[in-house]
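Contents: one structure, followed by commentary.
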Amino acid sequence: MQDLVTSQAHFKSIIESNSLYIDKTEFVYKIASSKEKFFLLNRPRRFGKSLFVNTLKSFYQGEKELFAGLDVYNQDWQWKEYPVIHLDYCAVVAESTESLDKSMGYALESVAREYDLQLETDTAPRMLKNLILKLYQKFDKKVVILIDEYDKPVFASLIDSYSYKFDFEKYERFQKALKSFYQILEELADHLEKVYLTGIIKFGSSSIFPESINLVELDQDPEFAELPGFTKAELDEYLTPYFSKLKAKYELTTREAKKAFKEHYLGYRFTEKDIKVYNPFAAARVLDFGSFDNHWFNSGSPRLLFHLIQREDFNITKFEDLKVEKSKLNPTSIKELTLIPFMYQTGYLTIKEISAEGLVKLDFPNFEVESNFLINLLDFMTDDKINRVDIYYLRNSLVKNDEQQFRKYLNSIIDDLKKVAINQSESVKEFYQQIFYLIAKALSSLYLKISSEVLNTKETVEFKVKTEDNHFLLSFHYGQKEEIFGQLKAESETEKDSTYISMSFDLQKRELVEVEIKN
C-alpha cells in the first residue's frame, strides 16, 4: 500500500517516492489547453492548492515521465519545457511595504539563480520585468508564472494581530504596491504562456490586478468544482484500503468507518455544480493517523471571525437558516468583506443549496467544522467561563438517560454563566438565547452517538436530541411551561415515547427556576 503524504506539497517527491497521488491532472490540461492566459483559484486553507501549483510546475517544466499513468499523460500535448517563475507568498514578509518589496525581490533572485541568471537589486516590479525578459531571451519561449497564496501579504496588512481590527490605510498602501507588481504582467503579457495564482480571500480582481487583465476566476466555475478537494468517488477508488487504522481503533466495519468519516468531513461545495468534496488535508491526516481528530480546524484560528460576530452584532441563531444573494459571497472590494462572505471564503461556511433566483443557502460544511466552531464560539462569548467537561457530562447524561446527572451539570453550566459580564449592547434575553442555542448545538457528538437538531430559536430555544436508545424534546424558555410542552408535541413529528424536558429560566436572576421532565 502506498504511503499517504500529509506534510508536503511537492508533486515530484510524491511521485518519485511512489506515494499516493490522487489524480487531478485533468484540470492541468484544462488550464494548459485553454486560450485564456490568467487564472485564479480561491479555496480555503489546507485545501491542496500548493500541491496543484507544484503539479503545474512539473508539467510546464516538461517532466513527462512523472505523469505516466495520470490523465494528462495521454492528452494531446507536446511536453515542451517552459521557464517557470514559481513564487510562494507564504514566505513573504509583509510588515511594511518596504519589507514586502525586499522579500519579493529575494524570492525573484532565488528563481533567477535556479536558471543561472543575475538580477540587479531594484524594486520588485522592475526585478520581475527583468527576470521575465531574461528568461524569455534565454529559452526563446514564453514564461509561466505560478504564484501561491497571492493574497497573504495583502491580508496580513489588513488585520491588526492584537486588536483584530481592519487597518484600511495600511491595506491601501500594500494594495498600491502589489498593483504595481502585477502591472508588469499586463505590460509583458505577450511574453507569458500562463499565469496561475491561488489564494483564500477574494478582494475583487480590480483592486490588485490591472483591469485589462482578463483574470479567469475558477472558484465558482462548475468545471473546476472538484479542484482540489477529494470527491466521494475518489475516496472509494483511492482511499478505501487506508481505513484499516480507523476500523481497528474504533472497532468499526468498513461501511461504518466510511459513514462516520463522511459525517465528520464531507461537505464542501463551491459552485453551482451540486458536488461535495472533502478537504484533502483533513482526509489524509485522519486516515494516516487513524483517529477522528480536528486536523483542519486546528490548523488555523477562527478568532477574527468571533470578533467580527461581536462587532457586527450578528445573532448566531441565524446560522440555522442562512441565505444570501450569490453576489454577496464575492464582494468587489475588501471594505465590503463582512462576516458571512468571509466565513464562506475561509471555509467555515459552504454552499448547501442554490435557488434558480440566485439565492444561496449556506451552512457549516461538516461536523468537524460546525462542532468546533460553535464550541469555541461558546468559549469566546462566555470568556471561557463554562467548563467544557460539564458539556461532556450533560451529553453523557442523555445517553444514559440519567435525570439526576442532567440536572446537576445543567445547573453547573448555568451557574458558570452568571460569571459572564453581558455586553451593554445586547439584552440579557438575547445573550441567553444565543448561549442556549450554542449549548443545544454542543450536545451533538459522534463519539457518544448523539445528535441535536434545533427546532426553534425565535422566543424560546427548542431542540430535539437523539441518542441510540432515546429521543428527547427540550426547551429553554421563560415561564410558559404548559404552552411549550404542547408546542413541542405539535411541531416535532417524533415517536410517542419521546421524553420532554422543560427548562424554565429567570432572566432577572439569571438562573434556572425549574427543570421538569415528562415521558
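Identifiers in this document derive from the order of the C-alpha cells: chains are assigned A, B, ..., residues are numbered from 1 separately in each chain, and ligands are numbered from 1 in order of occurrence.
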Show me, as a PDB file with N, CA, C and O atoms, in the first residue's frame, the residues that have an atom within 12 Å of Leu443 of chain A when counting only C-alpha atoms, minus same-chain residues fewer than 4 positions from it.
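The resulting file, result.pdb, is reproduced below:
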ATOM      1  N   GLU A 370     -18.432  22.522  12.143  1.00  0.00           N
ATOM      2  CA  GLU A 370     -19.554  23.057  12.923  1.00  0.00           C
ATOM      3  C   GLU A 370     -19.335  22.886  14.423  1.00  0.00           C
ATOM      4  O   GLU A 370     -19.450  23.851  15.192  1.00  0.00           O
ATOM      5  N   SER A 371     -19.019  21.672  14.852  1.00  0.00           N
ATOM      6  CA  SER A 371     -18.915  21.417  16.290  1.00  0.00           C
ATOM      7  C   SER A 371     -17.784  22.222  16.917  1.00  0.00           C
ATOM      8  O   SER A 371     -17.946  22.814  17.998  1.00  0.00           O
ATOM      9  N   ASN A 372     -16.644  22.283  16.246  1.00  0.00           N
ATOM     10  CA  ASN A 372     -15.508  23.011  16.800  1.00  0.00           C
ATOM     11  C   ASN A 372     -15.705  24.519  16.748  1.00  0.00           C
ATOM     12  O   ASN A 372     -15.327  25.234  17.684  1.00  0.00           O
ATOM     13  N   LEU A 374     -18.573  26.170  16.856  1.00  0.00           N
ATOM     14  CA  LEU A 374     -19.590  26.608  17.806  1.00  0.00           C
ATOM     15  C   LEU A 374     -19.139  26.441  19.255  1.00  0.00           C
ATOM     16  O   LEU A 374     -19.430  27.289  20.098  1.00  0.00           O
ATOM     17  N   ILE A 375     -18.402  25.380  19.572  1.00  0.00           N
ATOM     18  CA  ILE A 375     -17.944  25.224  20.955  1.00  0.00           C
ATOM     19  C   ILE A 375     -16.875  26.259  21.284  1.00  0.00           C
ATOM     20  O   ILE A 375     -16.806  26.786  22.404  1.00  0.00           O
ATOM     21  N   ARG A 388     -15.874  22.931  29.835  1.00  0.00           N
ATOM     22  CA  ARG A 388     -16.256  22.040  28.735  1.00  0.00           C
ATOM     23  C   ARG A 388     -16.573  20.626  29.216  1.00  0.00           C
ATOM     24  O   ARG A 388     -17.335  19.911  28.580  1.00  0.00           O
ATOM     25  N   VAL A 389     -15.976  20.235  30.321  1.00  0.00           N
ATOM     26  CA  VAL A 389     -16.249  18.893  30.856  1.00  0.00           C
ATOM     27  C   VAL A 389     -17.725  18.766  31.226  1.00  0.00           C
ATOM     28  O   VAL A 389     -18.338  17.699  31.069  1.00  0.00           O
ATOM     29  N   ASP A 390     -18.328  19.874  31.689  1.00  0.00           N
ATOM     30  CA  ASP A 390     -19.755  19.845  32.023  1.00  0.00           C
ATOM     31  C   ASP A 390     -20.604  19.572  30.787  1.00  0.00           C
ATOM     32  O   ASP A 390     -21.642  18.909  30.875  1.00  0.00           O
ATOM     33  N   ILE A 391     -20.191  20.104  29.630  1.00  0.00           N
ATOM     34  CA  ILE A 391     -20.904  19.833  28.374  1.00  0.00           C
ATOM     35  C   ILE A 391     -20.837  18.341  28.060  1.00  0.00           C
ATOM     36  O   ILE A 391     -21.838  17.723  27.672  1.00  0.00           O
ATOM     37  N   TYR A 392     -19.654  17.774  28.254  1.00  0.00           N
ATOM     38  CA  TYR A 392     -19.496  16.333  28.004  1.00  0.00           C
ATOM     39  C   TYR A 392     -20.442  15.523  28.900  1.00  0.00           C
ATOM     40  O   TYR A 392     -21.136  14.611  28.443  1.00  0.00           O
ATOM     41  N   TYR A 393     -20.469  15.840  30.179  1.00  0.00           N
ATOM     42  CA  TYR A 393     -21.301  15.070  31.107  1.00  0.00           C
ATOM     43  C   TYR A 393     -22.790  15.323  30.863  1.00  0.00           C
ATOM     44  O   TYR A 393     -23.629  14.449  31.137  1.00  0.00           O
ATOM     45  N   LEU A 394     -23.131  16.522  30.370  1.00  0.00           N
ATOM     46  CA  LEU A 394     -24.527  16.789  30.012  1.00  0.00           C
ATOM     47  C   LEU A 394     -24.949  15.876  28.857  1.00  0.00           C
ATOM     48  O   LEU A 394     -26.040  15.299  28.863  1.00  0.00           O
ATOM     49  N   ARG A 395     -24.071  15.741  27.868  1.00  0.00           N
ATOM     50  CA  ARG A 395     -24.326  14.799  26.774  1.00  0.00           C
ATOM     51  C   ARG A 395     -24.475  13.382  27.323  1.00  0.00           C
ATOM     52  O   ARG A 395     -25.391  12.648  26.969  1.00  0.00           O
ATOM     53  N   ASN A 396     -23.529  13.025  28.170  1.00  0.00           N
ATOM     54  CA  ASN A 396     -23.479  11.667  28.695  1.00  0.00           C
ATOM     55  C   ASN A 396     -24.739  11.331  29.489  1.00  0.00           C
ATOM     56  O   ASN A 396     -25.216  10.189  29.481  1.00  0.00           O
ATOM     57  N   SER A 397     -25.291  12.335  30.176  1.00  0.00           N
ATOM     58  CA  SER A 397     -26.497  12.100  30.970  1.00  0.00           C
ATOM     59  C   SER A 397     -27.683  11.748  30.080  1.00  0.00           C
ATOM     60  O   SER A 397     -28.552  10.961  30.468  1.00  0.00           O
ATOM     61  N   LEU A 398     -27.717  12.334  28.867  1.00  0.00           N
ATOM     62  CA  LEU A 398     -28.791  11.999  27.933  1.00  0.00           C
ATOM     63  C   LEU A 398     -28.584  10.612  27.343  1.00  0.00           C
ATOM     64  O   LEU A 398     -29.546   9.859  27.151  1.00  0.00           O
ATOM     65  N   VAL A 399     -27.339  10.273  27.053  1.00  0.00           N
ATOM     66  CA  VAL A 399     -27.047   8.932  26.532  1.00  0.00           C
ATOM     67  C   VAL A 399     -27.469   7.867  27.550  1.00  0.00           C
ATOM     68  O   VAL A 399     -28.065   6.837  27.197  1.00  0.00           O
ATOM     69  N   PHE A 406     -28.246  14.924  34.602  1.00  0.00           N
ATOM     70  CA  PHE A 406     -28.618  16.006  33.693  1.00  0.00           C
ATOM     71  C   PHE A 406     -28.854  17.300  34.473  1.00  0.00           C
ATOM     72  O   PHE A 406     -28.346  18.367  34.115  1.00  0.00           O
ATOM     73  N   LEU A 410     -26.400  20.647  34.178  1.00  0.00           N
ATOM     74  CA  LEU A 410     -27.068  21.815  33.607  1.00  0.00           C
ATOM     75  C   LEU A 410     -26.982  22.986  34.588  1.00  0.00           C
ATOM     76  O   LEU A 410     -26.675  24.119  34.201  1.00  0.00           O
ATOM     77  N   PHE A 436     -28.036  29.474  24.872  1.00  0.00           N
ATOM     78  CA  PHE A 436     -28.825  28.242  24.874  1.00  0.00           C
ATOM     79  C   PHE A 436     -28.755  27.551  23.514  1.00  0.00           C
ATOM     80  O   PHE A 436     -28.726  26.323  23.419  1.00  0.00           O
ATOM     81  N   TYR A 437     -28.733  28.354  22.470  1.00  0.00           N
ATOM     82  CA  TYR A 437     -28.583  27.791  21.118  1.00  0.00           C
ATOM     83  C   TYR A 437     -27.251  27.049  20.996  1.00  0.00           C
ATOM     84  O   TYR A 437     -27.186  25.925  20.486  1.00  0.00           O
ATOM     85  N   LEU A 438     -26.179  27.666  21.482  1.00  0.00           N
ATOM     86  CA  LEU A 438     -24.858  27.036  21.400  1.00  0.00           C
ATOM     87  C   LEU A 438     -24.792  25.770  22.256  1.00  0.00           C
ATOM     88  O   LEU A 438     -24.172  24.780  21.865  1.00  0.00           O
ATOM     89  N   ILE A 439     -25.436  25.790  23.428  1.00  0.00           N
ATOM     90  CA  ILE A 439     -25.466  24.588  24.262  1.00  0.00           C
ATOM     91  C   ILE A 439     -26.209  23.474  23.528  1.00  0.00           C
ATOM     92  O   ILE A 439     -25.780  22.312  23.525  1.00  0.00           O
ATOM     93  N   TYR A 447     -18.954  10.702  18.929  1.00  0.00           N
ATOM     94  CA  TYR A 447     -18.304   9.736  19.814  1.00  0.00           C
ATOM     95  C   TYR A 447     -19.316   9.099  20.764  1.00  0.00           C
ATOM     96  O   TYR A 447     -19.245   7.912  21.071  1.00  0.00           O
ATOM     97  N   LEU A 448     -20.276   9.918  21.259  1.00  0.00           N
ATOM     98  CA  LEU A 448     -21.309   9.394  22.142  1.00  0.00           C
ATOM     99  C   LEU A 448     -22.567   8.988  21.372  1.00  0.00           C
ATOM    100  O   LEU A 448     -23.560   8.599  21.974  1.00  0.00           O
ATOM    101  N   LYS A 449     -22.506   9.107  20.045  1.00  0.00           N
ATOM    102  CA  LYS A 449     -23.631   8.771  19.171  1.00  0.00           C
ATOM    103  C   LYS A 449     -24.898   9.508  19.611  1.00  0.00           C
ATOM    104  O   LYS A 449     -25.907   8.919  19.971  1.00  0.00           O
ATOM    105  N   ILE A 450     -24.775  10.831  19.599  1.00  0.00           N
ATOM    106  CA  ILE A 450     -25.889  11.689  19.978  1.00  0.00           C
ATOM    107  C   ILE A 450     -25.954  12.848  18.988  1.00  0.00           C
ATOM    108  O   ILE A 450     -24.929  13.406  18.592  1.00  0.00           O
ATOM    109  N   SER A 451     -27.160  13.195  18.535  1.00  0.00           N
ATOM    110  CA  SER A 451     -27.322  14.306  17.597  1.00  0.00           C
ATOM    111  C   SER A 451     -28.366  15.266  18.137  1.00  0.00           C
ATOM    112  O   SER A 451     -29.315  14.862  18.816  1.00  0.00           O
ATOM    113  N   SER A 452     -28.172  16.537  17.837  1.00  0.00           N
ATOM    114  CA  SER A 452     -29.083  17.569  18.323  1.00  0.00           C
ATOM    115  C   SER A 452     -29.550  18.411  17.148  1.00  0.00           C
ATOM    116  O   SER A 452     -28.746  18.870  16.342  1.00  0.00           O
ATOM    117  N   GLU A 453     -30.844  18.609  17.051  1.00  0.00           N
ATOM    118  CA  GLU A 453     -31.422  19.398  15.952  1.00  0.00           C
ATOM    119  C   GLU A 453     -32.244  20.536  16.539  1.00  0.00           C
ATOM    120  O   GLU A 453     -33.201  20.308  17.292  1.00  0.00           O
ATOM    121  N   VAL A 454     -31.881  21.766  16.221  1.00  0.00           N
ATOM    122  CA  VAL A 454     -32.600  22.928  16.727  1.00  0.00           C
ATOM    123  C   VAL A 454     -33.902  23.089  15.943  1.00  0.00           C
ATOM    124  O   VAL A 454     -33.909  23.083  14.712  1.00  0.00           O
ATOM    125  N   PHE A 463     -35.249  22.222  20.898  1.00  0.00           N
ATOM    126  CA  PHE A 463     -34.418  21.351  20.085  1.00  0.00           C
ATOM    127  C   PHE A 463     -34.718  19.886  20.392  1.00  0.00           C
ATOM    128  O   PHE A 463     -35.289  19.546  21.440  1.00  0.00           O
ATOM    129  N   LYS A 464     -34.341  19.055  19.442  1.00  0.00           N
ATOM    130  CA  LYS A 464     -34.586  17.624  19.521  1.00  0.00           C
ATOM    131  C   LYS A 464     -33.242  16.917  19.633  1.00  0.00           C
ATOM    132  O   LYS A 464     -32.317  17.215  18.877  1.00  0.00           O
ATOM    133  N   VAL A 465     -33.133  15.991  20.562  1.00  0.00           N
ATOM    134  CA  VAL A 465     -31.891  15.237  20.759  1.00  0.00           C
ATOM    135  C   VAL A 465     -32.194  13.750  20.590  1.00  0.00           C
ATOM    136  O   VAL A 465     -33.174  13.240  21.148  1.00  0.00           O
ATOM    137  N   LYS A 466     -31.353  13.087  19.804  1.00  0.00           N
ATOM    138  CA  LYS A 466     -31.495  11.650  19.596  1.00  0.00           C
ATOM    139  C   LYS A 466     -30.228  10.946  20.069  1.00  0.00           C
ATOM    140  O   LYS A 466     -29.123  11.334  19.705  1.00  0.00           O
ATOM    141  N   THR A 467     -30.427   9.923  20.885  1.00  0.00           N
ATOM    142  CA  THR A 467     -29.333   9.016  21.219  1.00  0.00           C
ATOM    143  C   THR A 467     -29.666   7.660  20.594  1.00  0.00           C
ATOM    144  O   THR A 467     -30.700   7.506  19.948  1.00  0.00           O
ATOM    145  N   PHE A 472     -35.335  12.882  22.868  1.00  0.00           N
ATOM    146  CA  PHE A 472     -35.678  13.931  23.821  1.00  0.00           C
ATOM    147  C   PHE A 472     -36.119  15.182  23.066  1.00  0.00           C
ATOM    148  O   PHE A 472     -35.558  15.518  22.021  1.00  0.00           O
ATOM    149  N   LEU A 474     -36.430  19.164  24.044  1.00  0.00           N
ATOM    150  CA  LEU A 474     -36.026  20.075  25.108  1.00  0.00           C
ATOM    151  C   LEU A 474     -36.376  21.512  24.760  1.00  0.00           C
ATOM    152  O   LEU A 474     -36.415  21.886  23.579  1.00  0.00           O
TER     153      LEU A 474
END
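If you measure from each of A:Ser327, A:Thr240, A:Ser444, A:Asn130 to Leu188 of chain A using only C-alpha atoms, the closest one turns out to be A:Asn130.
Within the 12 Å cut-off around Asp140 of chain A, using only C-alpha atoms and omitting residues fewer than 2 positions from it on the same chain, the listed residues are Lys80, Glu81, Tyr82, Pro83, Ile132, Leu133, Lys134, Leu135, Tyr136, Gln137, Lys138, Lys142, Val143, His191, Leu192 and Glu193 of chain A.
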Open item on the list: If we count only C-alpha atoms and set the cut-off at 10 Å, which residues sit around segment 95-110 of chain A, ignoring sequence neighbours fewer than 5 positions away in its own chain? Please answer as a ChimeraX atom specification.
Closed with: /A:85-89,115-128,130-131,153-154,156-157,170-171,173-178,181
Output N, CA and C atoms for every residue in that selection, as an mmCIF file, in the first residue's frame.
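Now in result09.cif:
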data_model
loop_
_atom_site.group_PDB
_atom_site.id
_atom_site.type_symbol
_atom_site.label_atom_id
_atom_site.label_comp_id
_atom_site.auth_asym_id
_atom_site.auth_seq_id
_atom_site.Cartn_x
_atom_site.Cartn_y
_atom_site.Cartn_z
ATOM 1 N N ILE A 85 8.482 30.788 -13.316
ATOM 2 C CA ILE A 85 8.691 31.619 -12.125
ATOM 3 C C ILE A 85 7.667 31.179 -11.093
ATOM 4 N N HIS A 86 8.149 30.500 -10.047
ATOM 5 C CA HIS A 86 7.269 29.970 -9.003
ATOM 6 C C HIS A 86 7.508 30.751 -7.718
ATOM 7 N N LEU A 87 6.487 31.482 -7.268
ATOM 8 C CA LEU A 87 6.605 32.307 -6.068
ATOM 9 C C LEU A 87 5.603 31.829 -5.015
ATOM 10 N N ASP A 88 6.076 31.628 -3.801
ATOM 11 C CA ASP A 88 5.201 31.243 -2.692
ATOM 12 C C ASP A 88 5.132 32.401 -1.720
ATOM 13 N N TYR A 89 3.983 33.059 -1.681
ATOM 14 C CA TYR A 89 3.860 34.255 -0.851
ATOM 15 C C TYR A 89 3.676 33.929 0.634
ATOM 16 N N TYR A 115 18.086 29.466 -12.648
ATOM 17 C CA TYR A 115 18.323 29.490 -14.100
ATOM 18 C C TYR A 115 19.665 30.132 -14.451
ATOM 19 N N ASP A 116 20.560 30.266 -13.452
ATOM 20 C CA ASP A 116 21.886 30.856 -13.654
ATOM 21 C C ASP A 116 21.802 32.257 -14.246
ATOM 22 N N LEU A 117 20.889 33.018 -13.721
ATOM 23 C CA LEU A 117 20.724 34.405 -14.154
ATOM 24 C C LEU A 117 21.010 35.325 -12.969
ATOM 25 N N GLN A 118 21.373 36.548 -13.271
ATOM 26 C CA GLN A 118 21.594 37.544 -12.233
ATOM 27 C C GLN A 118 20.659 38.719 -12.462
ATOM 28 N N LEU A 119 20.102 39.217 -11.354
ATOM 29 C CA LEU A 119 19.224 40.385 -11.416
ATOM 30 C C LEU A 119 19.869 41.524 -10.646
ATOM 31 N N GLU A 120 19.727 42.717 -11.182
ATOM 32 C CA GLU A 120 20.188 43.882 -10.433
ATOM 33 C C GLU A 120 19.225 44.140 -9.281
ATOM 34 N N THR A 121 19.763 44.463 -8.119
ATOM 35 C CA THR A 121 18.912 44.772 -6.966
ATOM 36 C C THR A 121 18.142 46.053 -7.251
ATOM 37 N N ASP A 122 16.838 45.925 -7.228
ATOM 38 C CA ASP A 122 15.976 47.050 -7.589
ATOM 39 C C ASP A 122 14.632 46.831 -6.906
ATOM 40 N N THR A 123 13.629 47.559 -7.329
ATOM 41 C CA THR A 123 12.291 47.318 -6.792
ATOM 42 C C THR A 123 11.774 45.992 -7.343
ATOM 43 N N ALA A 124 10.881 45.375 -6.618
ATOM 44 C CA ALA A 124 10.344 44.074 -7.028
ATOM 45 C C ALA A 124 9.683 44.124 -8.409
ATOM 46 N N PRO A 125 8.883 45.143 -8.748
ATOM 47 C CA PRO A 125 8.288 45.171 -10.086
ATOM 48 C C PRO A 125 9.337 45.179 -11.201
ATOM 49 N N ARG A 126 10.390 45.984 -11.022
ATOM 50 C CA ARG A 126 11.421 46.049 -12.064
ATOM 51 C C ARG A 126 12.216 44.747 -12.132
ATOM 52 N N MET A 127 12.409 44.106 -10.976
ATOM 53 C CA MET A 127 13.106 42.817 -10.968
ATOM 54 C C MET A 127 12.264 41.742 -11.662
ATOM 55 N N LEU A 128 10.955 41.776 -11.455
ATOM 56 C CA LEU A 128 10.069 40.825 -12.133
ATOM 57 C C LEU A 128 10.137 41.029 -13.640
ATOM 58 N N ASN A 130 12.583 42.341 -15.377
ATOM 59 C CA ASN A 130 13.909 41.928 -15.817
ATOM 60 C C ASN A 130 14.015 40.406 -15.916
ATOM 61 N N LEU A 131 13.456 39.715 -14.929
ATOM 62 C CA LEU A 131 13.524 38.253 -14.904
ATOM 63 C C LEU A 131 12.717 37.647 -16.060
ATOM 64 N N PRO A 153 0.126 38.562 1.591
ATOM 65 C CA PRO A 153 0.694 39.855 2.007
ATOM 66 C C PRO A 153 -0.368 40.925 2.211
ATOM 67 N N VAL A 154 -1.391 40.922 1.356
ATOM 68 C CA VAL A 154 -2.428 41.947 1.485
ATOM 69 C C VAL A 154 -3.246 41.712 2.743
ATOM 70 N N ALA A 156 -2.408 40.061 5.406
ATOM 71 C CA ALA A 156 -1.581 40.298 6.594
ATOM 72 C C ALA A 156 -1.520 41.783 6.930
ATOM 73 N N SER A 157 -1.559 42.616 5.897
ATOM 74 C CA SER A 157 -1.516 44.065 6.123
ATOM 75 C C SER A 157 -2.844 44.598 6.637
ATOM 76 N N LYS A 170 -3.309 50.982 5.924
ATOM 77 C CA LYS A 170 -2.156 50.121 5.643
ATOM 78 C C LYS A 170 -2.455 49.223 4.446
ATOM 79 N N TYR A 171 -3.669 48.687 4.416
ATOM 80 C CA TYR A 171 -4.066 47.826 3.304
ATOM 81 C C TYR A 171 -3.929 48.556 1.971
ATOM 82 N N ARG A 173 -1.961 50.932 1.158
ATOM 83 C CA ARG A 173 -0.548 51.074 0.778
ATOM 84 C C ARG A 173 -0.038 49.771 0.156
ATOM 85 N N PHE A 174 -0.384 48.650 0.767
ATOM 86 C CA PHE A 174 0.029 47.350 0.228
ATOM 87 C C PHE A 174 -0.646 47.072 -1.110
ATOM 88 N N GLN A 175 -1.908 47.433 -1.197
ATOM 89 C CA GLN A 175 -2.650 47.240 -2.442
ATOM 90 C C GLN A 175 -1.966 47.981 -3.590
ATOM 91 N N LYS A 176 -1.559 49.212 -3.339
ATOM 92 C CA LYS A 176 -0.893 50.009 -4.368
ATOM 93 C C LYS A 176 0.440 49.373 -4.769
ATOM 94 N N ALA A 177 1.186 48.884 -3.766
ATOM 95 C CA ALA A 177 2.484 48.262 -4.051
ATOM 96 C C ALA A 177 2.317 47.010 -4.905
ATOM 97 N N LEU A 178 1.342 46.173 -4.570
ATOM 98 C CA LEU A 178 1.134 44.932 -5.313
ATOM 99 C C LEU A 178 0.562 45.195 -6.698
ATOM 100 N N PHE A 181 3.269 45.744 -8.981
ATOM 101 C CA PHE A 181 3.947 44.480 -9.277
ATOM 102 C C PHE A 181 3.194 43.733 -10.386
#
